[in-house]
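Structure data (CSV, C-alpha atoms and all ligand atoms) from protein.csv:
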chain,number,residue,atom,x,y,z
W,250,MET,CA,11.0,16.6,9.5
W,251,ILE,CA,8.6,14.2,7.9
W,252,ILE,CA,9.8,10.6,7.2
W,253,THR,CA,7.6,8.3,5.2
W,254,ALA,CA,7.6,4.6,6.1
W,255,ALA,CA,8.4,2.0,3.6
W,256,ASP,CA,7.3,-1.5,4.5
W,257,ASP,CA,10.6,-2.3,6.3
W,258,TYR,CA,10.6,1.0,8.2
W,259,ARG,CA,14.2,1.7,7.1
W,260,ALA,CA,13.4,5.4,7.7
W,261,LEU,CA,13.3,4.7,11.5
W,262,ASP,CA,16.8,3.3,11.6
W,263,GLY,CA,18.5,6.7,11.1
W,264,TRP,CA,16.4,8.3,13.8
W,265,LEU,CA,17.1,5.5,16.3
W,266,SER,CA,20.8,5.4,15.6
W,267,ASP,CA,21.8,7.7,18.4
W,268,LYS,CA,19.1,6.8,20.9
W,269,LYS,CA,19.8,4.7,24.0
W,270,LYS,CA,16.4,3.9,25.2
W,271,VAL,CA,13.0,5.0,23.9
W,272,LEU,CA,9.7,5.6,25.8
W,273,LEU,CA,7.1,4.3,23.4
W,274,VAL,CA,3.8,6.0,24.2
W,275,CYS,CA,1.1,4.1,22.3
W,276,ASP,CA,-2.6,3.3,22.3
W,277,GLU,CA,-4.3,0.1,21.3
W,278,SER,CA,-3.8,0.8,17.6
W,279,LEU,CA,-0.2,-0.5,18.0
W,280,ARG,CA,-1.4,-4.1,17.9
W,281,PHE,CA,-2.8,-3.6,14.3
W,282,LEU,CA,0.5,-2.2,13.0
W,283,THR,CA,2.0,-5.5,11.8
W,284,ALA,CA,5.0,-4.1,9.9
W,285,PHE,CA,5.8,-1.5,12.6
W,286,ASN,CA,5.7,-4.3,15.3
W,287,GLN,CA,8.0,-6.4,13.2
W,288,LYS,CA,10.4,-3.5,13.0
W,289,LEU,CA,10.3,-2.9,16.7
W,290,SER,CA,11.2,-6.6,17.3
W,291,THR,CA,14.4,-6.2,15.3
W,292,VAL,CA,15.8,-2.9,16.5
W,293,ALA,CA,18.6,-2.9,19.0
W,294,THR,CA,17.3,0.2,20.9
W,295,PRO,CA,15.3,-0.9,23.9
W,296,MET,CA,11.7,0.3,23.9
W,297,ILE,CA,9.8,0.9,27.1
W,298,ARG,CA,6.0,0.8,26.4
W,299,PHE,CA,3.6,3.1,28.1
W,300,SER,CA,-0.1,2.8,27.5
W,301,ASP,CA,-1.6,3.6,30.9
W,302,PHE,CA,-3.9,6.3,29.7
W,303,GLN,CA,-7.4,6.7,28.3
W,304,PRO,CA,-9.3,8.9,25.8
W,305,ASN,CA,-9.5,12.4,27.2
W,306,PRO,CA,-6.3,11.6,29.1
W,307,LEU,CA,-5.7,12.5,32.7
W,308,TYR,CA,-2.8,14.5,34.1
W,309,ALA,CA,-2.3,11.5,36.5
W,310,SER,CA,-1.4,9.4,33.5
W,311,VAL,CA,1.2,12.0,32.4
W,312,VAL,CA,2.7,11.9,35.9
W,313,LYS,CA,3.0,8.1,35.6
W,314,GLY,CA,4.6,8.4,32.2
W,315,VAL,CA,7.2,10.9,33.4
W,316,ALA,CA,8.0,8.6,36.4
W,317,LEU,CA,8.5,5.6,33.9
W,318,PHE,CA,10.6,7.8,31.6
W,319,ARG,CA,12.9,8.7,34.5
W,320,LYS,CA,13.0,5.2,36.2
W,321,GLU,CA,14.0,3.6,32.9
W,322,CYS,CA,16.5,6.3,32.0
W,323,CYS,CA,14.9,6.9,28.6
W,324,ASP,CA,16.5,9.5,26.4
W,325,SER,CA,13.8,9.9,23.7
W,326,ILE,CA,10.1,9.5,23.0
W,327,ILE,CA,8.0,7.9,20.2
W,328,ALA,CA,4.3,8.5,20.2
W,329,VAL,CA,2.1,6.1,18.2
W,330,GLY,CA,-1.6,6.5,18.0
W,331,GLY,CA,-4.5,9.0,17.8
W,332,GLY,CA,-5.0,12.3,19.6
W,333,SER,CA,-4.8,11.0,23.2
W,334,ALA,CA,-1.5,9.2,22.7
W,335,MET,CA,-0.1,12.4,21.2
W,336,ASP,CA,-1.4,14.5,24.0
W,337,VAL,CA,0.1,12.2,26.7
W,338,ALA,CA,3.5,12.0,24.9
W,339,LYS,CA,3.6,15.7,24.4
W,340,CYS,CA,3.0,16.4,28.1
W,341,ILE,CA,5.5,13.7,29.1
W,342,LYS,CA,8.1,15.4,27.0
W,343,LEU,CA,7.3,18.8,28.4
W,344,TYR,CA,7.1,17.8,32.1
W,345,SER,CA,10.0,15.4,32.2
W,346,ALA,CA,12.3,18.5,32.6
W,347,GLN,CA,10.4,19.7,35.6
W,348,PRO,CA,11.6,19.1,39.1
W,349,GLY,CA,9.6,17.0,41.6
W,350,ASP,CA,7.0,14.3,40.9
W,351,GLY,CA,4.2,16.6,39.6
W,352,GLU,CA,1.9,16.0,42.6
W,353,ASP,CA,-1.2,18.3,43.1
W,354,GLY,CA,-1.0,19.4,39.4
W,355,ALA,CA,2.3,21.2,40.1
W,356,TRP,CA,3.6,20.9,36.5
W,357,LEU,CA,0.4,22.5,35.0
W,358,LYS,CA,1.3,25.7,36.8
W,359,ALA,CA,5.1,25.5,36.6
W,360,LYS,CA,7.2,27.8,34.5
W,361,GLU,CA,8.3,26.1,31.3
W,362,ILE,CA,11.8,24.5,31.2
W,363,ASP,CA,13.5,23.8,28.0
W,364,ASN,CA,14.4,20.2,27.1
W,365,ALA,CA,15.9,18.6,24.0
W,366,ILE,CA,14.4,15.2,24.3
W,367,PRO,CA,14.1,13.8,20.8
W,368,PHE,CA,10.4,13.3,20.0
W,369,LEU,CA,9.0,11.3,17.1
W,370,ALA,CA,5.3,11.0,16.4
W,371,MET,CA,3.5,8.5,14.2
W,372,PRO,CA,-0.2,9.3,13.8
W,373,THR,CA,-2.5,6.3,13.2
W,374,THR,CA,-5.4,8.4,11.9
W,375,ALA,CA,-5.4,11.1,9.2
W,376,GLY,CA,-7.4,13.7,11.2
W,377,THR,CA,-6.3,15.5,14.3
W,378,GLY,CA,-3.0,16.8,12.9
W,379,SER,CA,-1.9,16.7,16.6
W,380,GLU,CA,1.6,15.6,15.4
W,381,ALA,CA,2.0,19.1,13.9
W,382,THR,CA,0.6,21.3,16.8
W,383,LYS,CA,1.8,23.0,20.0
W,384,TYR,CA,-1.4,22.0,21.7
W,385,ALA,CA,-2.2,19.2,24.1
W,386,VAL,CA,-5.2,18.6,26.4
W,387,VAL,CA,-5.2,16.7,29.7
W,388,TYR,CA,-7.8,16.6,32.5
W,389,TYR,CA,-7.0,17.4,36.1
W,390,ASN,CA,-9.8,17.1,38.7
W,391,ASP,CA,-12.3,16.7,35.9
W,392,ILE,CA,-11.3,20.1,34.4
W,393,LYS,CA,-9.9,20.3,30.9
W,394,GLN,CA,-6.3,21.8,30.9
W,395,SER,CA,-5.0,23.2,27.6
W,396,VAL,CA,-1.2,22.9,27.4
W,397,THR,CA,0.4,25.1,24.8
W,398,SER,CA,4.1,25.0,24.1
W,399,GLU,CA,6.3,25.2,21.0
W,400,ARG,CA,8.5,22.6,22.8
W,401,ILE,CA,5.8,19.9,22.4
W,402,ILE,CA,5.8,19.8,18.6
W,403,PRO,CA,7.4,16.5,17.6
W,404,GLU,CA,10.6,17.3,15.6
W,405,THR,CA,10.1,14.2,13.5
W,406,VAL,CA,6.9,12.8,12.1
W,407,LEU,CA,6.6,9.3,10.7
W,408,LEU,CA,3.8,8.8,8.2
W,409,ASP,CA,2.8,5.3,7.5
W,410,PRO,CA,-0.1,4.6,5.1
W,411,ASN,CA,-0.4,1.0,6.5
W,412,ALA,CA,-1.5,2.4,9.8
W,413,LEU,CA,-4.8,3.5,8.2
W,414,LYS,CA,-5.6,0.2,6.6
W,415,THR,CA,-7.3,-1.4,9.6
W,416,LEU,CA,-9.4,1.6,10.7
W,417,PRO,CA,-13.1,1.2,10.7
W,418,LEU,CA,-14.7,3.0,7.8
W,419,TYR,CA,-16.7,5.4,10.0
W,420,GLN,CA,-13.6,6.4,11.8
W,421,LYS,CA,-11.8,7.0,8.5
W,422,LYS,CA,-14.7,9.2,7.3
W,423,ALA,CA,-14.9,11.2,10.5
W,424,THR,CA,-11.1,11.8,10.8
W,425,MET,CA,-10.9,12.9,7.2
W,426,CYS,CA,-13.8,15.4,7.9
W,427,ASP,CA,-11.9,16.6,10.9
W,428,ALA,CA,-8.8,17.3,8.8
W,429,LEU,CA,-10.9,19.0,6.1
W,430,CYS,CA,-12.7,21.2,8.7
W,431,HIS,CA,-9.4,22.2,10.3
W,432,ALA,CA,-8.1,23.3,6.9
W,433,ILE,CA,-11.3,25.3,6.1
W,434,GLU,CA,-11.7,26.9,9.5
W,435,SER,CA,-8.0,27.8,9.6
W,436,PHE,CA,-8.3,29.4,6.1
W,437,TRP,CA,-11.2,31.7,7.2
W,438,SER,CA,-9.8,32.3,10.7
W,439,VAL,CA,-9.1,35.9,11.8
W,440,ASN,CA,-5.6,34.6,12.8
W,441,SER,CA,-4.7,33.4,9.3
W,442,THR,CA,-1.4,34.3,7.8
W,443,GLU,CA,0.1,33.8,4.4
W,444,GLU,CA,1.9,30.7,5.7
W,445,SER,CA,-1.2,29.2,7.4
W,446,ARG,CA,-3.3,29.8,4.2
W,447,ARG,CA,-0.8,27.9,2.1
W,448,TYR,CA,-1.1,25.0,4.5
W,449,SER,CA,-4.9,25.2,4.4
W,450,HIS,CA,-4.9,25.3,0.6
W,451,ASP,CA,-2.6,22.3,0.4
W,452,ALA,CA,-4.6,20.4,3.0
W,453,ILE,CA,-8.0,21.1,1.3
W,454,ALA,CA,-6.6,20.2,-2.2
W,455,GLY,CA,-5.0,17.1,-0.7
W,456,VAL,CA,-8.2,15.9,0.9
W,457,PHE,CA,-10.2,16.2,-2.3
W,458,CYS,CA,-7.4,14.7,-4.4
W,459,HIS,CA,-7.0,11.6,-2.2
W,460,MET,CA,-10.5,11.2,-0.8
W,461,ASP,CA,-11.5,8.3,-3.1
W,462,GLY,CA,-8.2,6.4,-2.7
W,463,TYR,CA,-8.2,6.9,1.0
W,464,LEU,CA,-11.8,5.6,1.4
W,465,ASN,CA,-10.9,2.6,-0.8
W,466,ASN,CA,-7.8,2.0,1.3
W,467,THR,CA,-5.1,2.5,-1.4
W,468,ASP,CA,-1.6,3.2,-0.3
W,469,GLU,CA,-1.5,6.3,-2.4
W,470,GLY,CA,-4.8,7.5,-1.0
W,471,ASN,CA,-3.8,6.8,2.6
W,472,SER,CA,-0.4,8.5,2.1
W,473,GLY,CA,-2.0,11.5,0.6
W,474,MET,CA,-4.6,11.9,3.3
W,475,LEU,CA,-1.9,11.6,6.0
W,476,LEU,CA,0.0,14.5,4.4
W,477,ALA,CA,-3.2,16.5,4.0
W,478,ALA,CA,-4.2,16.0,7.6
W,479,HIS,CA,-0.6,17.0,8.6
W,480,ALA,CA,-0.8,20.2,6.6
W,481,ALA,CA,-4.2,21.0,8.2
W,482,GLY,CA,-2.5,20.5,11.6
W,483,LYS,CA,0.2,23.0,10.6
W,484,ALA,CA,-2.5,25.4,9.6
W,485,ILE,CA,-4.4,25.2,12.9
W,486,ASN,CA,-1.1,25.3,14.8
W,487,ILE,CA,-0.9,28.9,13.5
W,488,THR,CA,-4.6,30.0,13.6
W,489,GLN,CA,-6.5,27.6,15.9
W,490,THR,CA,-10.0,26.6,14.8
W,491,THR,CA,-13.2,28.7,14.7
W,492,ALA,CA,-16.9,28.5,15.1
W,493,GLY,CA,-17.3,25.1,13.6
W,494,HIS,CA,-15.2,23.6,16.3
W,495,ALA,CA,-16.6,25.9,18.9
W,496,MET,CA,-20.0,24.5,18.1
W,497,CYS,CA,-19.2,20.9,17.5
W,498,TYR,CA,-17.8,19.6,20.9
W,499,LYS,CA,-21.3,19.5,22.5
W,500,LEU,CA,-22.6,17.6,19.5
W,501,THR,CA,-20.2,14.8,20.4
W,502,SER,CA,-21.1,14.7,24.1
W,503,LEU,CA,-24.9,15.0,23.5
W,504,PHE,CA,-25.3,12.6,20.5
W,505,GLY,CA,-22.1,10.5,20.6
W,506,VAL,CA,-21.1,11.4,17.0
W,507,ALA,CA,-17.3,11.3,16.3
W,508,HIS,CA,-15.5,14.6,16.5
W,509,GLY,CA,-14.9,15.0,12.8
W,510,HIS,CA,-18.5,14.0,12.0
W,511,ALA,CA,-19.7,16.8,14.4
W,512,ALA,CA,-17.3,19.3,12.9
W,513,ILE,CA,-18.5,18.8,9.3
W,514,LEU,CA,-22.2,18.9,10.5
W,515,CYS,CA,-21.4,22.4,11.6
W,516,ASP,CA,-19.1,23.6,8.8
W,517,ARG,CA,-21.4,22.5,6.0
W,518,VAL,CA,-24.0,24.9,7.4
W,519,LEU,CA,-21.6,27.7,8.5
W,520,PHE,CA,-20.0,28.0,5.1
W,521,PRO,CA,-23.1,28.9,3.0
W,522,TRP,CA,-24.4,31.0,6.0
W,523,MET,CA,-21.2,33.0,6.0
W,524,LEU,CA,-21.5,33.8,2.3
W,525,GLU,CA,-24.9,35.5,3.1
W,526,HIS,CA,-23.5,37.4,6.1
W,527,THR,CA,-20.1,38.8,5.1
W,528,SER,CA,-21.3,42.3,6.0
W,529,ARG,CA,-21.0,41.2,9.7
W,530,CYS,CA,-17.3,40.6,9.2
W,531,ILE,CA,-15.1,41.3,12.2
W,532,ASP,CA,-11.8,40.3,10.6
W,533,THR,CA,-9.8,43.6,10.7
W,534,ARG,CA,-8.7,42.9,7.1
W,535,GLY,CA,-12.3,43.6,6.0
W,536,GLU,CA,-15.2,42.2,4.2
W,537,THR,CA,-13.6,42.2,0.8
W,538,PHE,CA,-10.7,40.2,2.2
W,539,LEU,CA,-13.1,37.7,3.7
W,540,LYS,CA,-15.1,37.3,0.5
W,541,ALA,CA,-11.8,36.7,-1.4
W,542,THR,CA,-10.8,34.1,1.3
W,543,LEU,CA,-14.1,32.2,1.0
W,544,ASP,CA,-13.6,32.2,-2.8
W,545,ALA,CA,-10.1,30.9,-2.3
W,546,ILE,CA,-11.5,28.0,-0.1
W,547,GLY,CA,-13.9,27.2,-3.0
W,548,ARG,CA,-11.0,27.2,-5.5
W,549,ALA,CA,-8.9,24.9,-3.2
W,550,MET,CA,-11.8,22.5,-3.4
W,551,GLY,CA,-11.6,22.5,-7.2
W,552,CYS,CA,-14.6,24.9,-7.6
W,553,SER,CA,-14.8,28.3,-9.3
W,554,ASN,CA,-16.0,30.2,-6.2
W,555,ALA,CA,-17.1,30.1,-2.6
W,556,ALA,CA,-20.8,29.3,-3.4
W,557,GLU,CA,-19.8,26.2,-5.3
W,558,GLY,CA,-17.4,25.3,-2.6
W,559,ALA,CA,-20.1,25.5,0.1
W,560,GLN,CA,-22.3,23.2,-2.1
W,561,LYS,CA,-19.4,20.8,-2.6
W,562,LEU,CA,-18.8,20.6,1.2
W,563,ASN,CA,-22.4,19.6,1.7
W,564,SER,CA,-22.2,17.1,-1.1
W,565,VAL,CA,-19.2,15.5,0.6
W,566,PHE,CA,-21.1,15.3,3.8
W,567,GLN,CA,-24.1,13.7,2.0
W,568,GLY,CA,-21.9,11.4,0.0
W,569,LEU,CA,-20.3,10.0,3.2
W,570,GLY,CA,-23.8,9.0,4.5
W,571,LEU,CA,-23.1,10.6,7.9
W,572,ALA,CA,-26.2,10.9,10.1
W,573,ILE,CA,-27.9,14.1,11.2
W,574,PRO,CA,-28.9,13.8,14.8
W,575,THR,CA,-32.3,15.0,16.1
W,576,ALA,CA,-32.4,17.4,19.0
W,577,THR,CA,-35.1,18.3,21.5
W,578,GLU,CA,-35.8,22.0,22.4
W,579,SER,CA,-33.9,21.6,25.7
W,580,GLN,CA,-30.9,20.1,23.9
W,581,TYR,CA,-30.8,23.1,21.6
W,582,GLU,CA,-30.5,25.3,24.7
W,583,GLU,CA,-27.8,23.0,26.0
W,584,LEU,CA,-25.9,23.3,22.7
W,585,VAL,CA,-26.1,27.1,22.6
W,586,ALA,CA,-24.9,27.3,26.2
W,587,GLY,CA,-22.1,24.8,25.5
W,588,VAL,CA,-20.3,26.7,22.7
W,589,ASN,CA,-16.6,27.3,23.3
W,590,PRO,CA,-16.2,31.1,23.5
W,591,VAL,CA,-12.4,31.1,22.9
W,592,ARG,CA,-12.7,29.4,19.5
W,593,LEU,CA,-15.6,31.6,18.6
W,594,LYS,CA,-13.4,34.7,18.8
W,595,ASN,CA,-11.3,33.3,15.9
W,596,HIS,CA,-14.3,33.3,13.6
W,597,PRO,CA,-14.4,36.1,11.1
W,598,ILE,CA,-18.2,36.8,11.5
W,599,GLN,CA,-19.7,37.7,14.9
W,600,LEU,CA,-22.1,35.0,16.1
W,601,ASP,CA,-24.5,35.9,18.9
W,602,ALA,CA,-26.6,33.4,20.9
W,603,ASP,CA,-29.7,33.8,18.7
W,604,THR,CA,-27.6,33.3,15.5
W,605,ILE,CA,-26.0,30.2,17.0
W,606,ARG,CA,-29.4,28.8,18.0
W,607,THR,CA,-30.7,29.4,14.4
W,608,LEU,CA,-27.6,27.7,13.0
W,609,TYR,CA,-28.0,24.6,15.3
W,610,HIS,CA,-31.6,24.3,13.9
W,611,PHE,CA,-30.1,24.1,10.4
W,612,ILE,CA,-27.3,21.7,11.6
W,613,LEU,CA,-29.6,19.2,13.3
W,614,ARG,CA,-33.1,17.9,12.6
F,701,FE,FE,-10.8,18.9,15.2

Encoded form (structure tokens):
Amino acid sequence: MIITAADDYRALDGWLSDKKKVLLVCDESLRFLTAFNQKLSTVATPMIRFSDFQPNPLYASVVKGVALFRKECCDSIIAVGGGSAMDVAKCIKLYSAQPGDGEDGAWLKAKEIDNAIPFLAMPTTAGTGSEATKYAVVYYNDIKQSVTSERIIPETVLLDPNALKTLPLYQKKATMCDALCHAIESFWSVNSTEESRRYSHDAIAGVFCHMDGYLNNTDEGNSGMLLAAHAAGKAINITQTTAGHAMCYKLTSLFGVAHGHAAILCDRVLFPWMLEHTSRCIDTRGETFLKATLDAIGRAMGCSNAAEGAQKLNSVFQGLGLAIPTATESQYEELVAGVNPVRLKNHPIQLDADTIRTLYHFILR
């Protein structure tokens, strides 16, 4: 269920009415949410705050969060923040049903146990779509652990356009690009379904409809972008992402560009390249289906076909003024070696190492 916040957060009252004590998992963005903080100061339900986690959160932080949830006898969870706050809250929800204290990574290996802990998420960026997905990431012994469970999808999502008002402009641009790339990649994914393609279409159309208002910080623009990013999250919840995301993670670690910035760097090159190489289609639905899909992406962007859509994606990138990093030859090799093979399998066109190397040369300077 999606509830949209009015200034007085009346929408929250109904959700809180049957809760005894809430674990509020929040990052530093909470202090900028003036209206939300005012609301929290007036509600009768006690809120236990938990912020003891970092970007790329650790399993150890989840263990601490579960311990606090139990010690305080909380009966529900609210997550407020970006992707890391969502990841931590999702794992606290999932693992609080497990026996023991989670030592030695025990919960990562444990058989899932159902729990009915009410879980509300309020994203403070319009990008990750994490509030709509069954995925979470935590790190244990420096190794990334992907947690996947239908049980970690928040049953209630609170969308508040005010939460986006204080974000730095670069972060707004990058998170919007992340949402757009989720929607586009999900659309062309080999795992797409009729339902996921509807979400992708709505997300792409929403991003383009609200881009100007969002970048100019209007309420309508921010609301529209939150809904678009949420729809894109629902799309990748079904399909996962594809080559653009497989290729973009290393751009962030090598050049320090934000995740969404890295994703559009890749997708603005992948889209036109795919149009030229549909004969290498590996989607079992065939080349004709892929061509129709790429045209449908173009139309969702308000264009008449895929070629115009690919041009428009590059125009968006150029218009945002996002930098194109410069790579050395050794960095190109690092990038090729660092591509995520799991996400690559979702891509509808086969990409070998030589092709990926060539693409990186188009993506970077
Ligand atoms: Fe992403």

Problem set entry | Which residue of W:Gly509, W:Pro410, W:Gly455, W:Pro306 approaches ligand FE 701 (chain F) most closely, using only C-alpha atoms and all ligand atoms |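 Going through W:Gly509, W:Pro410, W:Gly455, W:Pro306 one by one, the smallest distance to ligand FE 701 (chain F) is for W:Gly509.
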
For this session: Could you jot down the atom CA of Leu524 of chain W to atom CA of Glu583 of chain W separation for me, Å, one decimal place?
Result: 26.8 Å

For this session: Using all atoms listed in the file, find the one residue out of W:Phe538, W:Gly376, W:Met335, W:Leu407 that sits nearest to Phe285 of chain W.
Result: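 Selected residue with least distance to Phe285 of chain W: W:Leu407.
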
Problem set entry | Expected selection as a list in words for ligand FE 701 (chain F) within 8 Å, all atoms listed in the file |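 Listing the residues within 8 Å of ligand FE 701 (chain F) gives Gly376, Thr377, Asp427, Ala428, Cys430, His431, Thr490, His494, His508, Gly509 and Ala512 of chain W.
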
Exercise. Which protein, DNA or RNA residues have an atom at most 8 Å from (-7.8, 28.7, 9.3), counting all atoms listed in the file? List them as a PyMOL selection string.
Worked result: chain W and resi 431-441+445-446+449+484-485+488-491

For this session: Compile the contact shell of Gly351 of chain W as a list in words: residues with an atom at most 9 Å away, counting only C-alpha atoms, same-chain residues fewer than 6 positions apart removed.
Result: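 Here the qualifying residues turn out to be Ala309, Val312, Val315, Tyr344 and Leu357 of chain W.
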
For this session: For Ala359 of chain W, list every protein, DNA or RNA residue within 12 Å, evaluated using only C-alpha atoms, and leave out those in the same chain fewer than 5 positions away; present the list as a VMD selection string.
Result: chain W and resid 343 to 344 346 to 349 351 to 354 396

Exercise. Which is closer to Pro574 of chain W than all the others in W:Gly462, W:Pro521, W:Gly505, W:Gly558, using all atoms listed in the file?
Worked result: W:Gly505

Seminar exercise, completed: Of W:Leu503, W:Ala549, W:Val386, W:Ala338, the one nearest to Thr577 of chain W when counting only C-alpha atoms is W:Leu503
